[in-house]
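Colleague: This is target.tsv, which holds TSV, C-alpha atoms (C1' of nucleotides):
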```tsv
chain	number	residue	atom	x	y	z
A	1	MET	CA	69.12	-75.63	60.58
A	2	PRO	CA	69.40	-76.66	56.96
A	3	THR	CA	66.49	-76.13	54.62
A	4	PRO	CA	65.81	-79.04	52.26
A	5	ASP	CA	67.03	-78.66	48.67
A	6	ARG	CA	64.27	-77.40	46.47
A	7	THR	CA	66.10	-77.89	43.17
A	8	SER	CA	69.37	-79.17	41.69
A	9	LEU	CA	72.02	-78.13	39.17
A	10	ASP	CA	70.73	-80.69	36.67
A	11	GLU	CA	67.24	-79.32	36.93
A	12	ILE	CA	68.52	-75.78	36.48
A	13	VAL	CA	70.52	-76.68	33.36
A	14	ALA	CA	67.56	-78.58	31.91
A	15	ALA	CA	65.30	-75.57	32.48
A	16	ALA	CA	67.90	-73.30	30.92
A	17	ARG	CA	68.10	-75.48	27.82
A	18	GLU	CA	64.35	-75.30	27.31
A	19	LEU	CA	64.22	-71.57	27.91
A	20	LEU	CA	67.10	-70.99	25.49
A	21	GLU	CA	64.95	-72.36	22.67
A	22	LEU	CA	62.06	-70.15	23.78
A	23	GLY	CA	64.31	-67.10	23.61
A	24	ASP	CA	63.80	-66.37	27.29
A	25	LEU	CA	66.90	-67.59	29.10
A	26	THR	CA	66.75	-65.21	32.07
A	27	MET	CA	67.60	-66.05	35.64
A	28	GLN	CA	64.09	-65.10	36.65
A	29	ALA	CA	62.53	-67.50	34.14
A	30	VAL	CA	64.88	-70.32	35.16
A	31	ALA	CA	64.09	-69.73	38.82
A	32	GLU	CA	60.37	-69.81	38.16
A	33	ARG	CA	60.68	-73.10	36.23
A	34	VAL	CA	62.54	-74.86	39.00
A	35	GLY	CA	60.33	-73.40	41.72
A	36	VAL	CA	62.72	-71.11	43.49
A	37	GLN	CA	63.51	-67.39	43.73
A	38	ALA	CA	66.14	-66.01	41.36
A	39	PRO	CA	68.79	-65.28	44.01
A	40	SER	CA	68.76	-68.93	45.06
A	41	LEU	CA	70.18	-69.97	41.71
A	42	TYR	CA	73.48	-68.43	42.75
A	43	LYS	CA	73.92	-71.24	45.27
A	44	ARG	CA	74.53	-73.65	42.36
A	45	VAL	CA	75.73	-71.41	39.55
A	46	ARG	CA	78.33	-68.68	39.66
A	47	SER	CA	76.65	-66.45	37.08
A	48	ARG	CA	74.33	-66.48	34.11
A	49	ASP	CA	77.36	-66.75	31.83
A	50	GLU	CA	78.44	-69.93	33.58
A	51	LEU	CA	74.96	-71.35	33.18
A	52	VAL	CA	75.04	-70.59	29.47
A	53	ARG	CA	78.39	-72.36	29.21
A	54	MET	CA	76.87	-75.41	30.92
A	55	VAL	CA	74.09	-75.39	28.36
A	56	ALA	CA	76.69	-75.32	25.60
A	57	ASP	CA	78.57	-78.23	27.17
A	58	ALA	CA	75.40	-80.28	27.51
A	59	THR	CA	74.58	-79.61	23.87
A	60	LEU	CA	78.03	-80.69	22.71
A	61	ALA	CA	77.83	-83.84	24.81
A	62	GLU	CA	74.64	-84.76	23.01
A	63	LEU	CA	76.24	-84.17	19.61
A	64	GLY	CA	79.06	-86.50	20.65
A	65	LEU	CA	76.61	-89.41	20.82
A	66	ILE	CA	75.89	-89.38	17.10
A	67	GLU	CA	77.03	-92.49	15.22
A	68	GLY	CA	77.44	-93.68	11.66
A	69	ASP	CA	79.16	-92.85	8.39
A	70	ILE	CA	79.50	-89.33	7.10
A	71	TYR	CA	76.04	-89.26	5.58
A	72	ALA	CA	74.46	-90.38	8.82
A	73	VAL	CA	76.49	-87.93	10.86
A	74	ALA	CA	75.66	-85.09	8.49
A	75	SER	CA	71.93	-85.65	8.56
A	76	ALA	CA	71.80	-86.25	12.33
A	77	PHE	CA	73.73	-83.03	12.80
A	78	ARG	CA	71.37	-81.10	10.59
A	79	ALA	CA	68.30	-82.63	12.21
A	80	PHE	CA	69.57	-81.63	15.62
A	81	ALA	CA	70.07	-78.06	14.45
A	82	HIS	CA	66.54	-77.91	13.12
A	83	GLN	CA	65.10	-79.22	16.36
A	84	ARG	CA	67.18	-76.99	18.61
A	85	PRO	CA	68.21	-73.98	16.55
A	86	ALA	CA	69.13	-71.80	19.51
A	87	ALA	CA	71.38	-74.47	21.02
A	88	PHE	CA	73.01	-75.01	17.66
A	89	ARG	CA	73.68	-71.30	17.26
A	90	LEU	CA	75.04	-71.18	20.78
A	91	VAL	CA	77.68	-73.87	20.29
A	92	MET	CA	78.34	-72.84	16.72
A	93	GLY	CA	78.56	-69.09	16.44
A	94	GLY	CA	77.66	-67.84	19.83
A	95	GLY	CA	80.94	-66.48	21.11
A	96	VAL	CA	80.64	-68.93	24.01
A	97	THR	CA	83.73	-70.92	24.86
A	98	ALA	CA	82.63	-74.40	25.83
A	99	SER	CA	84.85	-76.62	27.94
A	100	PRO	CA	87.67	-78.38	26.08
A	101	HIS	CA	86.36	-81.75	27.18
A	102	ALA	CA	82.93	-81.10	25.71
A	103	ILE	CA	84.47	-79.91	22.46
A	104	VAL	CA	86.58	-83.04	22.12
A	105	ALA	CA	83.59	-85.26	22.87
A	106	ALA	CA	81.48	-83.54	20.22
A	107	SER	CA	84.21	-83.97	17.62
A	108	GLN	CA	84.47	-87.75	17.83
A	109	PRO	CA	81.68	-88.75	15.43
A	110	ILE	CA	82.96	-86.47	12.70
A	111	LEU	CA	86.57	-87.47	13.20
A	112	ARG	CA	85.64	-91.12	12.88
A	113	ALA	CA	83.51	-90.61	9.78
A	114	ALA	CA	86.05	-88.33	8.11
A	115	GLY	CA	88.92	-90.67	8.91
A	116	ALA	CA	87.10	-93.54	7.23
A	117	LEU	CA	86.92	-91.48	4.05
A	118	ALA	CA	90.18	-89.60	4.00
A	119	GLY	CA	92.56	-92.02	5.67
A	120	ALA	CA	94.20	-91.64	9.03
A	121	GLN	CA	96.77	-89.05	8.08
A	122	ASN	CA	94.15	-86.69	6.65
A	123	GLU	CA	91.53	-87.41	9.28
A	124	LEU	CA	91.88	-84.15	11.16
A	125	VAL	CA	91.99	-81.80	8.24
A	126	ALA	CA	89.17	-83.64	6.47
A	127	ALA	CA	87.01	-83.52	9.59
A	128	ARG	CA	87.60	-79.80	9.86
A	129	THR	CA	86.66	-79.18	6.26
A	130	PHE	CA	83.52	-81.22	6.57
A	131	THR	CA	82.52	-79.67	9.90
A	132	ALA	CA	83.10	-76.17	8.58
A	133	TRP	CA	80.89	-76.81	5.57
A	134	ALA	CA	78.10	-78.47	7.55
A	135	ASN	CA	78.10	-75.83	10.29
A	136	GLY	CA	78.22	-73.02	7.78
A	137	PHE	CA	75.46	-74.47	5.66
A	138	ILE	CA	73.15	-75.00	8.60
A	139	ALA	CA	73.88	-71.57	10.04
A	140	MET	CA	72.96	-69.95	6.72
A	141	GLU	CA	69.87	-72.08	6.52
A	142	LEU	CA	68.70	-71.20	10.05
A	143	ASN	CA	69.34	-67.55	9.35
A	144	SER	CA	67.53	-67.85	6.06
A	145	GLY	CA	70.68	-65.88	5.44
A	146	PHE	CA	72.40	-65.54	2.12
A	147	ASN	CA	68.92	-66.31	1.00
A	148	LEU	CA	69.62	-67.14	-2.61
A	149	ALA	CA	66.57	-68.68	-4.21
A	150	GLY	CA	66.38	-72.39	-4.92
A	151	PRO	CA	65.68	-75.62	-3.10
A	152	VAL	CA	67.73	-75.93	0.06
A	153	ASP	CA	67.74	-79.71	0.23
A	154	ASP	CA	69.27	-79.95	-3.24
A	155	ALA	CA	72.03	-77.56	-2.23
A	156	TRP	CA	72.71	-79.65	0.86
A	157	GLN	CA	72.94	-82.83	-1.20
A	158	TYR	CA	75.12	-81.21	-3.85
A	159	GLY	CA	77.50	-79.84	-1.24
A	160	LEU	CA	77.62	-83.08	0.70
A	161	ASP	CA	78.42	-85.16	-2.39
A	162	ARG	CA	81.09	-82.71	-3.52
A	163	LEU	CA	82.62	-82.61	-0.06
A	164	VAL	CA	82.75	-86.38	0.19
A	165	ALA	CA	84.39	-86.63	-3.21
A	166	ALA	CA	86.87	-83.88	-2.40
A	167	ILE	CA	87.84	-85.40	0.91
A	168	SER	CA	88.01	-89.06	-0.05
A	169	ALA	CA	91.46	-90.56	-0.36
A	170	SER	CA	92.39	-90.77	-4.04
B	171	MET	CA	61.09	-23.46	17.64
B	172	PRO	CA	63.23	-26.26	16.22
B	173	THR	CA	66.43	-27.25	17.95
B	174	PRO	CA	69.38	-27.82	15.63
B	175	ASP	CA	70.26	-31.47	14.89
B	176	ARG	CA	72.98	-32.68	17.17
B	177	THR	CA	73.61	-35.98	15.40
B	178	SER	CA	72.50	-38.05	12.39
B	179	LEU	CA	71.49	-41.59	11.55
B	180	ASP	CA	74.81	-42.23	9.82
B	181	GLU	CA	76.71	-41.12	12.88
B	182	ILE	CA	74.58	-43.34	15.08
B	183	VAL	CA	75.13	-46.40	12.91
B	184	ALA	CA	78.87	-45.72	12.76
B	185	ALA	CA	79.03	-45.46	16.54
B	186	ALA	CA	77.02	-48.65	16.87
B	187	ARG	CA	79.42	-50.52	14.59
B	188	GLU	CA	82.39	-49.50	16.70
B	189	LEU	CA	80.66	-50.34	19.94
B	190	LEU	CA	79.60	-53.72	18.60
B	191	GLU	CA	83.25	-54.71	18.29
B	192	LEU	CA	83.90	-53.45	21.82
B	193	GLY	CA	81.10	-55.64	23.13
B	194	ASP	CA	79.20	-52.63	24.44
B	195	LEU	CA	76.44	-51.91	21.97
B	196	THR	CA	73.99	-50.26	24.36
B	197	MET	CA	71.76	-47.33	23.60
B	198	GLN	CA	73.45	-45.41	26.40
B	199	ALA	CA	76.90	-45.97	24.95
B	200	VAL	CA	75.77	-45.01	21.46
B	201	ALA	CA	74.14	-41.84	22.80
B	202	GLU	CA	77.28	-40.89	24.66
B	203	ARG	CA	79.41	-41.40	21.51
B	204	VAL	CA	77.25	-39.17	19.37
B	205	GLY	CA	76.84	-36.54	22.08
B	206	VAL	CA	73.19	-36.88	22.92
B	207	GLN	CA	70.98	-38.40	25.61
B	208	ALA	CA	69.74	-41.95	25.09
B	209	PRO	CA	66.05	-41.07	24.56
B	210	SER	CA	67.00	-38.82	21.65
B	211	LEU	CA	68.17	-41.82	19.65
B	212	TYR	CA	64.54	-42.83	19.25
B	213	LYS	CA	63.98	-39.86	16.96
B	214	ARG	CA	66.10	-41.64	14.31
B	215	VAL	CA	65.82	-45.32	15.21
B	216	ARG	CA	62.73	-47.28	16.09
B	217	SER	CA	64.46	-49.60	18.55
B	218	ARG	CA	67.78	-51.14	19.45
B	219	ASP	CA	66.88	-54.16	17.33
B	220	GLU	CA	66.42	-51.95	14.30
B	221	LEU	CA	69.78	-50.35	14.94
B	222	VAL	CA	71.40	-53.77	15.10
B	223	ARG	CA	69.80	-54.67	11.81
B	224	MET	CA	71.21	-51.49	10.27
B	225	VAL	CA	74.66	-52.51	11.49
B	226	ALA	CA	74.18	-55.90	9.83
B	227	ASP	CA	73.12	-54.25	6.58
B	228	ALA	CA	76.11	-51.93	6.60
B	229	THR	CA	78.41	-54.89	7.18
B	230	LEU	CA	76.91	-56.85	4.29
B	231	ALA	CA	77.20	-53.82	2.00
B	232	GLU	CA	80.91	-53.71	2.76
B	233	LEU	CA	81.30	-57.41	2.00
B	234	GLY	CA	79.61	-56.82	-1.34
B	235	LEU	CA	82.51	-54.60	-2.44
B	236	ILE	CA	85.03	-57.43	-2.44
B	237	GLU	CA	86.46	-58.27	-5.86
B	238	GLY	CA	88.56	-60.96	-7.47
B	239	ASP	CA	88.71	-64.70	-8.08
B	240	ILE	CA	87.73	-67.24	-5.49
B	241	TYR	CA	91.08	-67.13	-3.71
B	242	ALA	CA	90.95	-63.36	-3.43
B	243	VAL	CA	87.36	-63.40	-2.25
B	244	ALA	CA	88.10	-66.11	0.29
B	245	SER	CA	91.04	-64.33	1.85
B	246	ALA	CA	89.36	-60.92	1.85
B	247	PHE	CA	86.39	-62.51	3.53
B	248	ARG	CA	88.54	-64.13	6.17
B	249	ALA	CA	90.55	-60.96	6.74
B	250	PHE	CA	87.36	-59.00	7.28
B	251	ALA	CA	86.18	-61.52	9.85
B	252	HIS	CA	89.45	-61.25	11.74
B	253	GLN	CA	89.30	-57.47	11.78
B	254	ARG	CA	85.65	-57.28	12.77
B	255	PRO	CA	84.79	-60.53	14.49
B	256	ALA	CA	81.65	-59.24	16.15
B	257	ALA	CA	80.24	-57.89	12.90
B	258	PHE	CA	81.04	-61.16	11.18
B	259	ARG	CA	79.26	-63.14	13.86
B	260	LEU	CA	76.31	-60.79	13.64
B	261	VAL	CA	75.71	-61.27	9.91
B	262	MET	CA	76.73	-64.89	10.01
B	263	GLY	CA	75.21	-66.61	12.99
B	264	GLY	CA	73.54	-63.90	14.90
B	265	GLY	CA	69.88	-64.65	14.44
B	266	VAL	CA	69.52	-61.21	12.87
B	267	THR	CA	67.59	-60.99	9.63
B	268	ALA	CA	69.29	-58.44	7.43
B	269	SER	CA	67.39	-56.74	4.63
B	270	PRO	CA	67.04	-58.79	1.42
B	271	HIS	CA	68.76	-56.07	-0.57
B	272	ALA	CA	71.84	-56.16	1.66
B	273	ILE	CA	71.97	-59.94	1.46
B	274	VAL	CA	71.84	-59.91	-2.32
B	275	ALA	CA	74.55	-57.27	-2.49
B	276	ALA	CA	76.85	-59.25	-0.22
B	277	SER	CA	76.40	-62.37	-2.33
B	278	GLN	CA	77.61	-60.88	-5.62
B	279	PRO	CA	81.38	-61.38	-5.23
B	280	ILE	CA	80.99	-65.04	-4.32
B	281	LEU	CA	78.46	-65.70	-7.05
B	282	ARG	CA	80.80	-64.23	-9.63
B	283	ALA	CA	83.82	-66.14	-8.40
B	284	ALA	CA	81.93	-69.41	-8.05
B	285	GLY	CA	80.33	-69.02	-11.46
B	286	ALA	CA	83.73	-68.61	-13.08
B	287	LEU	CA	84.76	-71.95	-11.60
B	288	ALA	CA	81.62	-74.03	-11.80
B	289	GLY	CA	79.96	-72.70	-14.91
B	290	ALA	CA	76.76	-70.70	-15.13
B	291	GLN	CA	74.31	-73.52	-14.45
B	292	ASN	CA	76.07	-74.54	-11.24
B	293	GLU	CA	76.88	-71.00	-10.12
B	294	LEU	CA	74.28	-70.80	-7.39
B	295	VAL	CA	74.86	-74.16	-5.82
B	296	ALA	CA	78.63	-73.80	-6.01
B	297	ALA	CA	78.49	-70.38	-4.38
B	298	ARG	CA	76.40	-71.78	-1.58
B	299	THR	CA	78.78	-74.63	-0.97
B	300	PHE	CA	81.76	-72.34	-0.93
B	301	THR	CA	80.09	-69.74	1.28
B	302	ALA	CA	78.96	-72.39	3.73
B	303	TRP	CA	82.47	-73.78	4.05
B	304	ALA	CA	84.13	-70.37	4.41
B	305	ASN	CA	81.58	-69.07	6.92
B	306	GLY	CA	81.72	-72.25	8.93
B	307	PHE	CA	85.50	-72.38	8.95
B	308	ILE	CA	85.82	-68.79	10.09
B	309	ALA	CA	83.13	-69.16	12.72
B	310	MET	CA	84.95	-72.16	14.19
B	311	GLU	CA	88.19	-70.28	14.06
B	312	LEU	CA	86.80	-67.21	15.82
B	313	ASN	CA	85.23	-69.41	18.44
B	314	SER	CA	88.45	-71.30	18.80
B	315	GLY	CA	85.66	-73.86	18.67
B	316	PHE	CA	86.07	-77.44	17.64
B	317	ASN	CA	89.54	-76.68	18.77
B	318	LEU	CA	91.31	-79.68	17.34
B	319	ALA	CA	95.04	-79.20	17.49
B	320	GLY	CA	97.04	-78.32	14.40
B	321	PRO	CA	97.89	-75.30	12.27
B	322	VAL	CA	94.79	-73.38	11.27
B	323	ASP	CA	96.24	-71.83	8.12
B	324	ASP	CA	97.07	-75.25	6.70
B	325	ALA	CA	93.53	-76.43	7.33
B	326	TRP	CA	92.21	-73.33	5.56
B	327	GLN	CA	94.41	-73.95	2.56
B	328	TYR	CA	93.59	-77.64	2.44
B	329	GLY	CA	89.88	-76.94	2.59
B	330	LEU	CA	90.04	-74.16	0.03
B	331	ASP	CA	91.95	-76.29	-2.48
B	332	ARG	CA	89.60	-79.22	-2.00
B	333	LEU	CA	86.57	-76.99	-2.36
B	334	VAL	CA	87.86	-75.43	-5.55
B	335	ALA	CA	88.58	-78.85	-7.02
B	336	ALA	CA	85.19	-80.17	-5.98
B	337	ILE	CA	83.31	-77.23	-7.41
B	338	SER	CA	85.18	-76.74	-10.65
B	339	ALA	CA	83.40	-77.84	-13.82
B	340	SER	CA	84.76	-81.21	-14.87
C	341	DA	C1'	61.40	-30.59	15.27
C	342	DC	C1'	64.69	-32.17	18.19
C	343	DC	C1'	66.25	-32.60	22.86
C	344	DT	C1'	66.05	-33.53	27.86
C	345	DG	C1'	65.06	-35.39	32.73
C	346	DA	C1'	62.13	-38.27	35.02
C	347	DA	C1'	60.02	-42.43	35.19
C	348	DC	C1'	58.85	-47.51	34.26
C	349	DA	C1'	59.57	-52.33	33.62
C	350	DC	C1'	63.02	-55.59	33.43
C	351	DC	C1'	67.39	-57.92	34.32
C	352	DG	C1'	71.68	-59.78	36.79
C	353	DT	C1'	73.55	-59.86	41.18
C	354	DT	C1'	74.51	-59.08	46.31
C	355	DC	C1'	73.41	-59.52	50.98
C	356	DA	C1'	71.43	-59.62	55.44
C	357	DA	C1'	68.04	-62.13	57.68
C	358	DG	C1'	65.28	-66.19	58.17
C	359	DT	C1'	64.74	-71.50	58.89
D	360	DA	C1'	73.01	-75.08	54.22
D	361	DC	C1'	69.66	-73.38	51.47
D	362	DC	C1'	66.15	-69.97	50.82
D	363	DT	C1'	63.97	-65.35	50.73
D	364	DG	C1'	62.82	-60.20	50.25
D	365	DA	C1'	64.91	-56.03	49.69
D	366	DA	C1'	68.06	-53.48	47.37
D	367	DC	C1'	71.46	-51.86	43.66
D	368	DA	C1'	73.24	-50.89	39.16
D	369	DC	C1'	72.11	-51.22	34.55
D	370	DC	C1'	69.35	-51.37	30.35
D	371	DG	C1'	65.59	-50.34	26.74
D	372	DT	C1'	61.87	-47.38	26.17
D	373	DT	C1'	58.08	-43.79	26.92
D	374	DC	C1'	56.55	-39.29	27.67
D	375	DA	C1'	55.66	-34.72	29.16
D	376	DA	C1'	57.99	-30.54	29.16
D	377	DG	C1'	61.40	-27.50	27.32
D	378	DT	C1'	63.58	-24.72	23.27
```
Could I get this file's structure written as structure tokens?
Modeller:
Amino acid sequence: MPTPDRTSLDEIVAAARELLELGDLTMQAVAERVGVQAPSLYKRVRSRDELVRMVADATLAELGLIEGDIYAVASAFRAFAHQRPAAFRLVMGGGVTASPHAIVAASQPILRAAGALAGAQNELVAARTFTAWANGFIAMELNSGFNLAGPVDDAWQYGLDRLVAAISAS
Amino acid sequence: MPTPDRTSLDEIVAAARELLELGDLTMQAVAERVGVQAPSLYKRVRSRDELVRMVADATLAELGLIEGDIYAVASAFRAFAHQRPAAFRLVMGGGVTASPHAIVAASQPILRAAGALAGAQNELVAARTFTAWANGFIAMELNSGFNLAGPVDDAWQYGLDRLVAAISAS
DNA sequence: ACCTGAACACCGTTCAAGT
DNA sequence: ACCTGAACACCGTTCAAGT
């Protein structure tokens, strides 16, 4: 005699994403949010690690929706990181290997914007350089790490302008 | 009647640094390495979090010893990250706030190298741009994240050359 | 003063038993 | 087929009792 479903994978991942930002991504907390006991989660998720990977994939999918030129992409990227710092850290530095598909999807906006600047043959390498700088800058900023004094927004603008100049096709 | 010391803070931090790279930085594992029971660690360390912060500080102190021009600093930095990926992630993305003193010490090599390129008045902002790019590049590399196909070393060299050109005083 | 064993709260996970 | 309570191993931390 089947019992009716009391939750779903989507609901579980959504709860996990919220709890990640609250610094409390435990199976117990997820279970409580979706109205179920912790062991029941294992009907839909193989392990906590798999759930974390799903959160990373969902985050990357969202980043893949960004549109615009390199300035638009850069500021949307940074805004996202400020709104969801834990998710940003997860996909960025967090030692979590997201699915290849999610990684490719997330790369599209930057590839397009970088290709427009650097030309098709330098698209990939330009996108990498830009992504590395943006990710690194934001990571430092979120960490308040390498906390050299001075206005952060100016440093962002300086770096962005220099990067654009350096990457643009002669 | 005092018992003789069976370990020391230095030994504990050293053990923690090794275990961090092994992905097993638990109080139990540290205690076992230094030949003591886990509760005894709390005589020298307030909490596991404090121990992790000490590991971060020790890592930053080591990075502060790097010398040379921007190419030397960049490759020493990258080599360190490859040898001690977990420590790099910790100081880079890991949501751990290292002590201000350790952060300043770690920044010196890059400030010097960037200042030589960009001139004194742009030293700070140039160092930030360079550090952001290098940190971001290495983080992506360690993650095998943003895993766009192509030779990684070429992308590193391309980015480094472009960065140097972009930062150099006209 | 440092060390230990016992204990506590918490966490991820398994599993038999319910419906 | 999904859900639950009970249980297990593990982890960080506290504390009274030993020397």
Colleague: Give one line per residue of chain A that approaches chain B to at most 9 Å, naming the two atoms of the closest pair and their distance in Å to one decimal, counting only C-alpha atoms; sort by chain then ascending residue number and deliver it as a Markdown table.
Modeller:
```
| residue | atom | partner | partner_atom | distance |
| --- | --- | --- | --- | --- |
| A:Ala86 | CA | B:Gly265 | CA | 8.8 |
| A:Arg89 | CA | B:Gly263 | CA | 6.5 |
| A:Val91 | CA | B:Gly315 | CA | 8.1 |
| A:Met92 | CA | B:Met310 | CA | 7.1 |
| A:Gly93 | CA | B:Gly263 | CA | 5.4 |
| A:Gly94 | CA | B:Gly263 | CA | 7.4 |
| A:Gly95 | CA | B:Asn313 | CA | 5.8 |
| A:Val96 | CA | B:Asn313 | CA | 7.2 |
| A:Thr97 | CA | B:Asn313 | CA | 6.8 |
| A:Ala98 | CA | B:Gly315 | CA | 7.8 |
| A:Pro100 | CA | B:Asn317 | CA | 7.7 |
| A:Ile103 | CA | B:Phe316 | CA | 5.6 |
| A:Val104 | CA | B:Phe316 | CA | 7.2 |
| A:Ala106 | CA | B:Phe316 | CA | 8.1 |
| A:Ser107 | CA | B:Phe316 | CA | 6.8 |
| A:Leu124 | CA | B:Leu318 | CA | 7.6 |
| A:Val125 | CA | B:Ala325 | CA | 5.7 |
| A:Ala126 | CA | B:Gly329 | CA | 7.8 |
| A:Arg128 | CA | B:Ala325 | CA | 7.3 |
| A:Thr129 | CA | B:Gly329 | CA | 5.4 |
| A:Phe130 | CA | B:Trp303 | CA | 7.9 |
| A:Thr131 | CA | B:Gly306 | CA | 7.5 |
| A:Ala132 | CA | B:Gly306 | CA | 4.2 |
| A:Trp133 | CA | B:Trp303 | CA | 3.7 |
| A:Ala134 | CA | B:Ala302 | CA | 7.2 |
| A:Asn135 | CA | B:Gly306 | CA | 5.3 |
| A:Gly136 | CA | B:Gly306 | CA | 3.8 |
| A:Phe137 | CA | B:Ala302 | CA | 4.5 |
| A:Ile138 | CA | B:Ala302 | CA | 8.0 |
| A:Ala139 | CA | B:Gly263 | CA | 5.9 |
| A:Met140 | CA | B:Met262 | CA | 7.1 |
| A:Leu142 | CA | B:Gly265 | CA | 8.0 |
| A:Asn143 | CA | B:Gly265 | CA | 5.9 |
| A:Ser144 | CA | B:Thr267 | CA | 7.7 |
| A:Gly145 | CA | B:Thr267 | CA | 7.1 |
| A:Phe146 | CA | B:Ile273 | CA | 5.7 |
| A:Asn147 | CA | B:Ile273 | CA | 7.1 |
| A:Leu148 | CA | B:Val274 | CA | 7.6 |
| A:Ala149 | CA | B:Leu294 | CA | 8.6 |
| A:Gly150 | CA | B:Leu294 | CA | 8.4 |
| A:Asp154 | CA | B:Val295 | CA | 8.5 |
| A:Ala155 | CA | B:Val295 | CA | 5.7 |
| A:Trp156 | CA | B:Thr299 | CA | 8.1 |
| A:Tyr158 | CA | B:Val295 | CA | 7.3 |
| A:Gly159 | CA | B:Thr299 | CA | 5.4 |
| A:Leu160 | CA | B:Thr299 | CA | 8.7 |
| A:Arg162 | CA | B:Ala336 | CA | 5.4 |
| A:Leu163 | CA | B:Ala336 | CA | 6.9 |
| A:Ala165 | CA | B:Ala336 | CA | 7.1 |
| A:Ala166 | CA | B:Arg332 | CA | 5.4 |
| A:Ile167 | CA | B:Arg332 | CA | 7.1 |
```
Colleague: What are the residues of chain B lining chain D at 8 Å or less? Count all atoms listed in the file, and put the answer as an MDAnalysis selection string.
Modeller: chainID B and resid 171:173 196:197 209 218
Colleague: Record the distance separating CA of Gly193 in chain B and CA of Phe250 in chain B, expressed in Å with one decimal.
Modeller: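 Calculated distance between CA of Gly193 in chain B and CA of Phe250 in chain B is 17.4 Å.
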Colleague: Grab the CA of Arg6 in chain A to CA of Val45 in chain A distance for me, in Å with one decimal place.
Modeller: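 Interatomic distance, CA of Arg6 in chain A to CA of Val45 in chain A: 14.7 Å.
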Colleague: For Ile182 in chain B, which residue out of B:Leu230, B:Ala288, B:Ala208, B:Ala244 is the nearest one, using only C-alpha atoms?
Modeller: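 Once distances to Ile182 in chain B are computed over only C-alpha atoms, the minimum belongs to B:Ala208.
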Colleague: Excluding Leu195 in chain B and its own-chain neighbours fewer than 4 positions away, which residues fall within 12 Å of it when counting only C-alpha atoms (C1' of nucleotides)? Please give them as a list in words.
Modeller: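 Non-adjacent residues within range: Ile182, Val183, Ala184, Ala185, Ala186, Arg187, Glu188, Leu189, Leu190, Glu191, Ala199, Val200, Ala201, Glu202, Arg203, Arg218, Asp219, Leu221, Val222, Val225, Ala256 and Ala257 of chain B; DC370 and DG371 of chain D.
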Colleague: Report the distance between CA of Val36 in chain A and CA of Thr7 in chain A in Å, rounded to one decimal place.
Modeller: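 Between CA of Val36 in chain A and CA of Thr7 in chain A the gap works out to 7.6 Å.
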